[in-house]
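S.K.: Sending over a structure as structure tokens; questions will come in a sec.
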Amino acid sequence: MPMDGGIGASTKRREDLRFLTGNGRYTDDINLRGQLYAHFLRSQVAHGRITAIDTADAAAMPGVVRIFTGADFEGVGGLPCGWQVTDKHGQPMQEPAHPVLAQGKVRHVGDPIAVVVAETAEQARDAAEAIVVDIDELPAVVDMKAALAADAPKVHDDLTSNLCYDWGFVEENKGAVDAAFSAAAHVTTLELVNQRLVANPMEPRVAVGDYDPWNDMSTLYTTSQNPHVIRLLMGAFVLGIPEHKLRVVAPDVGGGFGSKIFHYAEEAFCTFAARQLKKPVKWTSSRSEAFMSDAHGRDHVTRIELALDADNNFTAIRTETYANMGAYLSTFAPSVPTWLHGTLMAGNYKTPVIYVNVKAVFTNTVPVDAYRGAGRPEATFQLERLIDKAARELGVSPVDLRRQNFIQPDQFPYATPVAVEYDTGNYDATMDKMLELADYAGFDARAAESAKAGKLRGFGIAHYIEACGIAPSNLVGQLGARAGLYESATVRVNATGSISVFTGSHSHGQGHETTFAQVVSEMIGIDAGQVEIVHGDTSNTPMGMGTYGSRSLAVGGSALVRATNKIIAKAKKIAAHLLEAAEADIELKDGKFSVAGTDKSVDWAGVTLAAYVPHNYPLESLEPGLEETAFYDPSNFTYPAGAYGCEVELDPETGKVTILNFTAADDFGNVVNPMIVEGQVHGGLAQGIGQAMLEACAYDADGQLLTGSYMDYAMPRADDVPAYTVDHSCVTPCTHNPLGVKGCGEAGAIGSPPAVVNAVIDALHRGGHTHVTHIDMPVSPSRVWAAMQAK
Amino acid sequence: MYNFDFVKPATIAEAVEALSGEEAQALSGGQTLLPTMKQRLNAPATLVSLTGIAEMKGVTRDGDTLVIGAATPHAVVARDAAAHYPALAALAGQIGDPAVRNRGTIGGSIANNDPSACYPSAVLASGAVVVTNTREIAADDFFQGLFETALHDGEIITAVRFPIPQKAAYAKFLQPASRFALTGAFVAQYAAGVRVAITGASESGVFRWTEAEAALSGNFTPEAIAGLSVAADGMIGDLHGTPDYRAHLVGVMTRRAVTAAR
Ligand SMILES: Cc1cc2nc3c(=O)[nH]c(=O)nc-3n(C[C@H](O)[C@H](O)[C@H](O)COP(=O)(O)OP(=O)(O)OC[C@H]3O[C@@H](n4cnc5c(N)ncnc54)[C@H](O)[C@@H]3O)c2cc1C
């Protein structure tokens, strides 16, 4: 292994030096000469018709350069949706226009109406207050089922209703599923809410648009997880700027969790306004604005049923979900409750037939899109809560019921009834590991101790599977994606042997600069310090799709391996020439090329120098230089899986739940940097526990946002989460990517919510509160107490 | 934030003078006032800082009374009151986070009289005296409902005088997001009887639970109030707790405070 760590080493994150010392370079740190500031005037009502906008007074205020309204965007494109879902009748979803600035109507609190561009941010804000907007308020629709009533107010006048689509999956299986339910020995039913969440990355969104009129070149600096995607969407669909005249840079980005995947109005606005004004235009979101303009997550209302035969084998699953789209379709919103959710409904189990119905609904709320896990946490939560409930109804152990229905190791590859094929896995192994690490055997004794102190202790189990490494392009194309989902890498070997890697993937906390360097260092046998990872700038990285869906290493890392293999292949040719040997006899080890069976060798730098100073070089058969690009399109998803165990103590007097221990045994396939994987799991668990215990985004019946700040939106803090026990020693390597990796970024957020809620229900049952079969998240003290009272 | 003038007087008299100006407002730790100004919900023309006034700062013992300058930050109370009035020190030490405790002050907290704030319960349960630049106001007269106090325009709280109890404790149940009191109970036992003040629960702000006071004055044990409860009527209902839940917590937190009192 190379000196400072190749694959498998817990190399310290090189990027942390700049982050932890306050020297990161985030979008808000970018200030350009002559820069102007944009302030968005946003709707304070959930639904209304704009009858007049008077900007005269505002325009006369100090420092104001120009005020933009929807009228300035006539002829400019709207924000595009990147995924078209086809409904159960074969019809395309209803797809409303999504203007950059409101055109005639406002549809949610926070919908942008006008923008003031001024010399300072304060001047822009002052002037925005002086704009007079007349709005005829309309009744708002907030509740999804109410929004589907025949006489409900319509969010979009030009659509036939507030129904975006009614999706059936797999529609052809519906009859078989219904038949299985008729024949079932037992049916367990659960109704639940997977609540709306706000992503809350530490860094709010920022956009700086710049325009160079002499070269007709636009640049957008933005807080994005995928700068190339933004360039494509904004350039092609909104502003009509071809790629070669548009550069998008996403420098250091302080967390995204999905919310920075999407193309937002503010990005298009700053780019557009910079062209109009021929000056840089900057917008920095306040935290309050983030609550009402960042895409929200989850917001599903579900009824799920499980059919079992007399031997407790799962025979069918049937679900009906209402999924909130909010007022507009955010970039990938339609895919989340459908293809990212329905395809996971088999979980780790052999259930032969499954039917998933999803009704996506428009409401007068902030658009909802992918949030850490995206669809998969929704699927896992339903399924793992349902199985727990079934075990309780049947009087069997929740461990045994799961084990009995697990897909067995010898059944892989396993085609589920919901269109995906799991390549590999061993679910009993992760279950065993979790139960061992959590000392499940000793739980009853610990529960007795708690009972003595007047507390209720509970143990909750969840076993999850997720589909990561998104995604085979041809497959997602058939499913409605309007993008490919390959990844790219360029490996540029410099003359003295150092390497610059340009990846289409993007790091906003994941640590690519460290792990990607570990991969290259291992493959070539040089120090990782010799390898630099460059990402986030469309002007120097190959077109890539960015980072989300736990795809960076599985897809971006695979592209990197391919490009590095091309480099090695060419370097061997050069070495063969230098060593006057046959190419087939050249071996690369520890950064040295040698001729098999001889002591003849040339080191890495000798070969790279020859590539750029080709004095002694096979110029007639080989180009000089050493730079290769690879694009990798995965042949399947990857399927991380794991067993989670949560141990809680509940105070029956107040309903307060404390998580005492949390154990995660994950199978992520091969692991490049165990420390980083552990950190990703910790972060995911904190987010999942946040959802389970604390977080909820709430609207009142008029569409006013009740949780517009941290006074009411409860983020998890360090003392809300326990010390975790995290293990990834159960490894079934992915069978179809070169590193055998599966992805670890979302697992924690997917597996933990059902484990927490199962633990709370377990504690209540042990305490005799057997009438409580479910509590919706967050399982706050007040909800737990109310559930206990509701006998 | 809108523009404003800023003055930092060194004496109470100068501060009173400065506060008589048009749209002038007192600024103490700024932990409540500055966020509202940043959100442009509040726009004073002049901010008169009270934190440069030496006579308004510090914790001093005066016989059976603990005197706390109104501009004393929570962190200083947590440290300096501990030997004299541990329950009060513990309350101060649980407010917000270290930054809030090092800036926010007792005077600012009670002048603001947030229905979920901690200090008002200690002031009321201790039967403390709120000292201003012109008069002394009994705690029972000072708090007058949500964000309402007996203070006149331009009147400054200079100190709070706390009679030191035989035993006392504060039991706070955290609102999960803000970590203010979802419900908090301050219980203080004096020779003359027990006082119980409840914060966070009622729609009319901090209040005395007189029924519990009577029971505890005879028998200072949690059992003495086990059968008592407050009505859910008039309790706050929001995302974090229903009126029923808060009414329930009033009993639980009061019993816990009695158990913890020392
Ligand atoms: C993150 C956070 C968490 C918090 N958590 C808690 C908590 O758990 N419990 C809790 O009780 N509080 C909490 N607070 C509030 C905190 O205690 C504030 O410090 C306090 O409410 C206001 O005190 P201040 O000195 O900052 O007052 P300021 O913000 O300066 O002033 C508040 C108001 O009082 C007036 N005022 C200030 N001083 C005087 C005076 N001497 N005489 C007359 N009027 C005056 C001002 O004009 C203003 O109207 C929290 C605050 C924050 C930001």
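Ordering of the structure tokens sets the chain letters (A, B, ...); residue numbers start at 1 within each chain; ligands are numbered from 1 in the order shown.
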Name all residues at most 6 Å from range 350-362 of chain A (count only C-alpha atoms; drop same-chain ones fewer than 3 positions away) and give them as a VMD selection string.
M.R.: chain A and resid 162 to 170 174 177 314 to 327 405 407 417
S.K.: Compute the set of chain B residues within 7 Å of chain A, using only C-alpha atoms, and express it as a list in words.
M.R.: Pro176, Ala177, Ser178, His240, Gly241, Tyr245 and Leu249 of chain B
S.K.: Using the selection just defined, write its residues with all heavy atoms as a PDB file, in the first residue's frame.
M.R.:
```
ATOM      1  N   PRO B 176     -38.538  21.381  21.923  1.00  0.00           N
ATOM      2  CA  PRO B 176     -37.451  20.712  21.197  1.00  0.00           C
ATOM      3  C   PRO B 176     -36.693  21.614  20.216  1.00  0.00           C
ATOM      4  O   PRO B 176     -35.506  21.391  19.994  1.00  0.00           O
ATOM      5  CB  PRO B 176     -38.162  19.586  20.440  1.00  0.00           C
ATOM      6  CG  PRO B 176     -39.491  19.435  21.081  1.00  0.00           C
ATOM      7  CD  PRO B 176     -39.840  20.728  21.730  1.00  0.00           C
ATOM      8  N   ALA B 177     -37.342  22.585  19.627  1.00  0.00           N
ATOM      9  CA  ALA B 177     -36.644  23.424  18.645  1.00  0.00           C
ATOM     10  C   ALA B 177     -35.904  24.568  19.319  1.00  0.00           C
ATOM     11  O   ALA B 177     -34.693  24.690  19.213  1.00  0.00           O
ATOM     12  CB  ALA B 177     -37.640  23.951  17.615  1.00  0.00           C
ATOM     13  N   SER B 178     -36.617  25.417  20.002  1.00  0.00           N
ATOM     14  CA  SER B 178     -35.995  26.628  20.556  1.00  0.00           C
ATOM     15  C   SER B 178     -35.247  26.355  21.852  1.00  0.00           C
ATOM     16  O   SER B 178     -34.349  27.099  22.222  1.00  0.00           O
ATOM     17  CB  SER B 178     -37.076  27.668  20.859  1.00  0.00           C
ATOM     18  OG  SER B 178     -37.854  27.253  21.977  1.00  0.00           O
ATOM     19  N   HIS B 240     -45.642  22.099  19.296  1.00  0.00           N
ATOM     20  CA  HIS B 240     -44.801  21.331  20.220  1.00  0.00           C
ATOM     21  C   HIS B 240     -45.564  20.771  21.409  1.00  0.00           C
ATOM     22  O   HIS B 240     -45.014  19.983  22.165  1.00  0.00           O
ATOM     23  CB  HIS B 240     -43.636  22.207  20.679  1.00  0.00           C
ATOM     24  CG  HIS B 240     -42.895  22.787  19.519  1.00  0.00           C
ATOM     25  ND1 HIS B 240     -42.094  22.022  18.717  1.00  0.00           N
ATOM     26  CD2 HIS B 240     -42.891  24.029  18.985  1.00  0.00           C
ATOM     27  CE1 HIS B 240     -41.603  22.774  17.741  1.00  0.00           C
ATOM     28  NE2 HIS B 240     -42.068  23.992  17.876  1.00  0.00           N
ATOM     29  N   GLY B 241     -46.787  21.191  21.584  1.00  0.00           N
ATOM     30  CA  GLY B 241     -47.552  20.652  22.695  1.00  0.00           C
ATOM     31  C   GLY B 241     -48.963  21.209  22.711  1.00  0.00           C
ATOM     32  O   GLY B 241     -49.181  22.400  22.459  1.00  0.00           O
ATOM     33  N   TYR B 245     -51.371  18.735  27.071  1.00  0.00           N
ATOM     34  CA  TYR B 245     -50.019  18.290  27.402  1.00  0.00           C
ATOM     35  C   TYR B 245     -49.340  19.282  28.335  1.00  0.00           C
ATOM     36  O   TYR B 245     -48.706  18.904  29.318  1.00  0.00           O
ATOM     37  CB  TYR B 245     -49.216  18.107  26.111  1.00  0.00           C
ATOM     38  CG  TYR B 245     -47.825  17.557  26.341  1.00  0.00           C
ATOM     39  CD1 TYR B 245     -47.643  16.332  26.982  1.00  0.00           C
ATOM     40  CD2 TYR B 245     -46.701  18.251  25.903  1.00  0.00           C
ATOM     41  CE1 TYR B 245     -46.367  15.819  27.183  1.00  0.00           C
ATOM     42  CE2 TYR B 245     -45.431  17.739  26.098  1.00  0.00           C
ATOM     43  CZ  TYR B 245     -45.268  16.520  26.741  1.00  0.00           C
ATOM     44  OH  TYR B 245     -44.002  16.019  26.944  1.00  0.00           O
ATOM     45  N   LEU B 249     -47.880  18.790  32.023  1.00  0.00           N
ATOM     46  CA  LEU B 249     -46.488  19.072  32.388  1.00  0.00           C
ATOM     47  C   LEU B 249     -46.372  20.005  33.590  1.00  0.00           C
ATOM     48  O   LEU B 249     -45.399  19.943  34.337  1.00  0.00           O
ATOM     49  CB  LEU B 249     -45.733  19.691  31.208  1.00  0.00           C
ATOM     50  CG  LEU B 249     -45.293  18.751  30.080  1.00  0.00           C
ATOM     51  CD1 LEU B 249     -44.530  19.551  29.020  1.00  0.00           C
ATOM     52  CD2 LEU B 249     -44.430  17.601  30.603  1.00  0.00           C
TER      53      LEU B 249
END
```
S.K.: Neighbours of ligand 1 within 6 Å, counting only C-alpha atoms and all ligand atoms, as a short mmCIF file (atom, residue, chain, number, x, y, z; two decimals) with C-alpha atoms, in the first residue's frame?
M.R.:
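Resulting contents of out04.cif:
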```cif
data_model
loop_
_atom_site.label_atom_id
_atom_site.label_comp_id
_atom_site.auth_asym_id
_atom_site.auth_seq_id
_atom_site.Cartn_x
_atom_site.Cartn_y
_atom_site.Cartn_z
CA GLN B 25 -34.88 51.82 22.93
CA ALA B 26 -32.80 50.13 25.60
CA LEU B 27 -30.36 47.50 24.41
CA SER B 28 -29.02 45.05 26.91
CA GLY B 29 -27.61 41.71 25.71
CA GLY B 30 -29.39 42.11 22.38
CA GLN B 31 -30.30 38.42 22.17
CA THR B 32 -33.96 39.21 21.67
CA LEU B 33 -33.88 42.73 20.30
CA ALA B 70 -30.15 44.13 35.42
CA ILE B 95 -30.68 29.33 29.21
CA GLY B 96 -29.86 29.01 25.53
CA VAL B 100 -26.63 33.57 24.55
CA GLY B 104 -28.20 37.93 27.30
CA THR B 105 -29.08 39.55 30.60
CA GLY B 107 -32.97 42.67 32.86
CA GLY B 108 -33.53 42.06 29.16
CA SER B 109 -35.23 38.77 29.86
CA ALA B 111 -38.37 43.34 30.48
CA ASN B 112 -39.20 41.23 27.46
CA ALA B 117 -38.64 32.51 29.13
CA CYS B 118 -37.08 31.07 32.25
CA TYR B 119 -36.26 34.05 34.47
CA ILE B 156 -35.12 51.06 33.04
CA ILE B 157 -34.82 48.00 35.23
CA THR B 158 -31.63 48.52 37.18
CA ARG B 179 -35.09 24.95 23.83
CA PHE B 180 -36.97 27.65 25.70
#
```
S.K.: Give me, as a JSON list (two decimals) with all heavy atoms, in the first residue's frame, the residues of range 637-736 of chain A that a backbone DSSP run labels alpha helix (DSSP H).
M.R.:
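That gives us part_27.json:
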```
[["chain", "number", "residue", "atom", "x", "y", "z"],
["A", 674, "PRO", "N", -12.48, 3.83, 5.45],
["A", 674, "PRO", "CA", -13.43, 3.49, 6.53],
["A", 674, "PRO", "C", -13.80, 4.68, 7.40],
["A", 674, "PRO", "O", -14.95, 4.79, 7.84],
["A", 674, "PRO", "CB", -12.66, 2.44, 7.35],
["A", 674, "PRO", "CG", -11.62, 1.89, 6.44],
["A", 674, "PRO", "CD", -11.26, 2.99, 5.49],
["A", 675, "MET", "N", -12.88, 5.58, 7.63],
["A", 675, "MET", "CA", -13.19, 6.74, 8.48],
["A", 675, "MET", "C", -14.26, 7.61, 7.83],
["A", 675, "MET", "O", -15.20, 8.07, 8.48],
["A", 675, "MET", "CB", -11.93, 7.56, 8.72],
["A", 675, "MET", "CG", -12.17, 8.80, 9.56],
["A", 675, "MET", "SD", -10.83, 9.98, 9.39],
["A", 675, "MET", "CE", -11.12, 10.55, 7.71],
["A", 676, "ILE", "N", -14.11, 7.82, 6.52],
["A", 676, "ILE", "CA", -15.09, 8.65, 5.82],
["A", 676, "ILE", "C", -16.45, 7.95, 5.78],
["A", 676, "ILE", "O", -17.50, 8.57, 5.97],
["A", 676, "ILE", "CB", -14.58, 9.03, 4.41],
["A", 676, "ILE", "CG1", -13.47, 10.08, 4.56],
["A", 676, "ILE", "CG2", -15.72, 9.52, 3.53],
["A", 676, "ILE", "CD1", -12.92, 10.62, 3.27],
["A", 677, "VAL", "N", -16.42, 6.65, 5.58],
["A", 677, "VAL", "CA", -17.68, 5.89, 5.57],
["A", 677, "VAL", "C", -18.38, 6.03, 6.92],
["A", 677, "VAL", "O", -19.59, 6.27, 7.00],
["A", 677, "VAL", "CB", -17.41, 4.42, 5.21],
["A", 677, "VAL", "CG1", -18.62, 3.55, 5.54],
["A", 677, "VAL", "CG2", -17.06, 4.30, 3.74],
["A", 678, "GLU", "N", -17.59, 5.90, 7.97],
["A", 678, "GLU", "CA", -18.17, 6.03, 9.30],
["A", 678, "GLU", "C", -18.79, 7.41, 9.48],
["A", 678, "GLU", "O", -19.89, 7.55, 10.02],
["A", 678, "GLU", "CB", -17.07, 5.80, 10.34],
["A", 678, "GLU", "CG", -17.57, 5.28, 11.64],
["A", 678, "GLU", "CD", -16.42, 4.73, 12.49],
["A", 678, "GLU", "OE1", -15.68, 3.84, 12.00],
["A", 678, "GLU", "OE2", -16.25, 5.22, 13.60],
["A", 679, "GLY", "N", -18.09, 8.43, 9.01],
["A", 679, "GLY", "CA", -18.61, 9.79, 9.11],
["A", 679, "GLY", "C", -19.90, 9.96, 8.33],
["A", 679, "GLY", "O", -20.84, 10.61, 8.80],
["A", 680, "GLN", "N", -19.96, 9.37, 7.14],
["A", 680, "GLN", "CA", -21.18, 9.46, 6.34],
["A", 680, "GLN", "C", -22.34, 8.78, 7.07],
["A", 680, "GLN", "O", -23.46, 9.27, 7.06],
["A", 680, "GLN", "CB", -20.97, 8.80, 4.97],
["A", 680, "GLN", "CG", -20.07, 9.61, 4.04],
["A", 680, "GLN", "CD", -20.76, 10.86, 3.54],
["A", 680, "GLN", "OE1", -21.86, 10.82, 3.03],
["A", 680, "GLN", "NE2", -20.12, 12.01, 3.71],
["A", 681, "VAL", "N", -22.06, 7.63, 7.69],
["A", 681, "VAL", "CA", -23.13, 6.93, 8.41],
["A", 681, "VAL", "C", -23.56, 7.76, 9.62],
["A", 681, "VAL", "O", -24.76, 7.93, 9.88],
["A", 681, "VAL", "CB", -22.69, 5.51, 8.83],
["A", 681, "VAL", "CG1", -23.75, 4.84, 9.68],
["A", 681, "VAL", "CG2", -22.40, 4.67, 7.59],
["A", 682, "HIS", "N", -22.60, 8.32, 10.34],
["A", 682, "HIS", "CA", -22.97, 9.16, 11.48],
["A", 682, "HIS", "C", -23.89, 10.30, 11.05],
["A", 682, "HIS", "O", -24.91, 10.56, 11.68],
["A", 682, "HIS", "CB", -21.71, 9.76, 12.12],
["A", 682, "HIS", "CG", -20.95, 8.81, 12.99],
["A", 682, "HIS", "ND1", -20.07, 9.23, 13.94],
["A", 682, "HIS", "CD2", -20.94, 7.46, 13.04],
["A", 682, "HIS", "CE1", -19.55, 8.18, 14.56],
["A", 682, "HIS", "NE2", -20.05, 7.10, 14.02],
["A", 683, "GLY", "N", -23.50, 10.97, 9.97],
["A", 683, "GLY", "CA", -24.31, 12.09, 9.50],
["A", 683, "GLY", "C", -25.70, 11.64, 9.07],
["A", 683, "GLY", "O", -26.70, 12.28, 9.38],
["A", 684, "GLY", "N", -25.74, 10.51, 8.37],
["A", 684, "GLY", "CA", -27.04, 9.99, 7.93],
["A", 684, "GLY", "C", -27.92, 9.61, 9.11],
["A", 684, "GLY", "O", -29.12, 9.88, 9.12],
["A", 685, "LEU", "N", -27.30, 9.00, 10.11],
["A", 685, "LEU", "CA", -28.08, 8.62, 11.31],
["A", 685, "LEU", "C", -28.60, 9.87, 12.01],
["A", 685, "LEU", "O", -29.76, 9.90, 12.45],
["A", 685, "LEU", "CB", -27.21, 7.81, 12.27],
["A", 685, "LEU", "CG", -26.81, 6.40, 11.81],
["A", 685, "LEU", "CD1", -25.88, 5.75, 12.83],
["A", 685, "LEU", "CD2", -28.03, 5.53, 11.58],
["A", 686, "ALA", "N", -27.78, 10.89, 12.11],
["A", 686, "ALA", "CA", -28.24, 12.12, 12.77],
["A", 686, "ALA", "C", -29.44, 12.69, 12.01],
["A", 686, "ALA", "O", -30.41, 13.15, 12.62],
["A", 686, "ALA", "CB", -27.12, 13.14, 12.85],
["A", 687, "GLN", "N", -29.38, 12.62, 10.67],
["A", 687, "GLN", "CA", -30.50, 13.14, 9.90],
["A", 687, "GLN", "C", -31.74, 12.27, 10.05],
["A", 687, "GLN", "O", -32.86, 12.76, 10.16],
["A", 687, "GLN", "CB", -30.12, 13.29, 8.43],
["A", 687, "GLN", "CG", -30.03, 14.76, 8.08],
["A", 687, "GLN", "CD", -29.35, 15.04, 6.77],
["A", 687, "GLN", "OE1", -28.45, 14.32, 6.36],
["A", 687, "GLN", "NE2", -29.75, 16.10, 6.12],
["A", 688, "GLY", "N", -31.54, 10.96, 10.07],
["A", 688, "GLY", "CA", -32.68, 10.06, 10.24],
["A", 688, "GLY", "C", -33.29, 10.17, 11.63],
["A", 688, "GLY", "O", -34.52, 10.15, 11.79],
["A", 689, "ILE", "N", -32.44, 10.30, 12.62],
["A", 689, "ILE", "CA", -32.94, 10.48, 13.98],
["A", 689, "ILE", "C", -33.62, 11.85, 14.09],
["A", 689, "ILE", "O", -34.66, 11.98, 14.76],
["A", 689, "ILE", "CB", -31.79, 10.31, 15.00],
["A", 689, "ILE", "CG1", -31.37, 8.85, 15.04],
["A", 689, "ILE", "CG2", -32.20, 10.82, 16.38],
["A", 689, "ILE", "CD1", -30.10, 8.58, 15.85],
["A", 690, "GLY", "N", -33.07, 12.84, 13.40],
["A", 690, "GLY", "CA", -33.73, 14.14, 13.36],
["A", 690, "GLY", "C", -35.14, 14.03, 12.82],
["A", 690, "GLY", "O", -36.09, 14.58, 13.38],
["A", 691, "GLN", "N", -35.29, 13.27, 11.72],
["A", 691, "GLN", "CA", -36.64, 13.09, 11.18],
["A", 691, "GLN", "C", -37.51, 12.32, 12.16],
["A", 691, "GLN", "O", -38.67, 12.67, 12.39],
["A", 691, "GLN", "CB", -36.60, 12.34, 9.84],
["A", 691, "GLN", "CG", -38.01, 11.86, 9.43],
["A", 691, "GLN", "CD", -38.17, 11.49, 7.99],
["A", 691, "GLN", "OE1", -37.23, 11.09, 7.34],
["A", 691, "GLN", "NE2", -39.38, 11.65, 7.47],
["A", 692, "ALA", "N", -36.98, 11.27, 12.73],
["A", 692, "ALA", "CA", -37.79, 10.41, 13.59],
["A", 692, "ALA", "C", -38.24, 11.13, 14.86],
["A", 692, "ALA", "O", -39.35, 10.94, 15.32],
["A", 692, "ALA", "CB", -37.01, 9.15, 13.95],
["A", 693, "MET", "N", -37.37, 11.96, 15.41],
["A", 693, "MET", "CA", -37.62, 12.49, 16.75],
["A", 693, "MET", "C", -37.98, 13.98, 16.78],
["A", 693, "MET", "O", -38.60, 14.43, 17.73],
["A", 693, "MET", "CB", -36.37, 12.31, 17.61],
["A", 693, "MET", "CG", -35.86, 10.89, 17.67],
["A", 693, "MET", "SD", -36.41, 10.03, 19.14],
["A", 693, "MET", "CE", -35.61, 10.96, 20.40]]
```
S.K.: So that I can check the secondary structure, give me every residue of range 315-435 of chain A assigned strand (DSSP E) by backbone DSSP, as a ChimeraX atom specification.
M.R.: /A:315-326,353-362,368-369,414-415,421-422
S.K.: Quick check, in Å to one decimal: how far apart do CA of Ala179 in chain A and CA of Met93 in chain A lie?
M.R.: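 Interatomic distance, CA of Ala179 in chain A to CA of Met93 in chain A: 28.9 Å.
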S.K.: Which residues are near Glu384 in chain A? Cut-off 12 Å, only C-alpha atoms, ignore same chain within fewer than 6 positions. Put them as an NGL selection string.
M.R.: :A and (190 or 304-306 or 344-349 or 376-378 or 390-391 or 398-399 or 401-402 or 460-465 or 643-644 or 750-759)
S.K.: Report the distance between CA of Thr242 in chain B and CA of Ile198 in chain B in Å, rounded to one decimal place.
M.R.: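 Result for CA of Thr242 in chain B versus CA of Ile198 in chain B: 16.2 Å, one decimal.
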S.K.: List as a ChimeraX atom specification the protein and nucleic acid residues near Val760 in chain A, meaning an atom at most 12 Å away when only C-alpha atoms are counted, but skip any in the same chain fewer than 5 places from it.
M.R.: /A:385,388,456-461,645-652,655-660,692-693,753-755,765-767,769-770,772-781,783-785,787-788
S.K.: Could you check how far CA of Phe162 in chain B sits from CA of Pro115 in chain B, in Å to one decimal?
M.R.: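 Taking CA of Phe162 in chain B as the start and CA of Pro115 in chain B as the end point, the length is 20.4 Å.
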S.K.: I need the residue nearest Phe68 in chain A from this list: A:Pro92, A:Val115, A:Ala38, A:Asp727. Use only C-alpha atoms for the distance.
M.R.: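 Of the candidates, the smallest distance to Phe68 in chain A is held by A:Val115.
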S.K.: Env of Ile164 in chain B: 12 Å cut, atoms = only C-alpha atoms, seq-sep filter 6 positions within chain, self excluded. Answer as a list in words.
M.R.: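 With the cut-off at 12 Å, the set is Arg61, Asp62, Gly63, Asp64, Thr65, Leu66, Val67, Ala81, Ala82, Ala83, His84, Tyr85, Pro86, Ala87, Leu88, Ala122, Val123, Ala125, Ser126, Gly127, Ala128, Ala188, Gln189, Tyr190, Ala191 and Arg262 of chain B.
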S.K.: Within 6 Å of range 555-570 of chain A, counting only C-alpha atoms, which residues show up once you throw out same-chain ones fewer than 4 positions away? Write them as number ranges by chain, please.
M.R.: A: 469, 487-489, 505, 551, 628-632
S.K.: As a PyMOL selection string, please: the residues near range 224-232 of chain B (cut-off 10 Å, only C-alpha atoms, same-chain neighbours under 3 positions excluded).
M.R.: chain B and resi 201-202+209+211-221+235-237+242-252+254-255+258
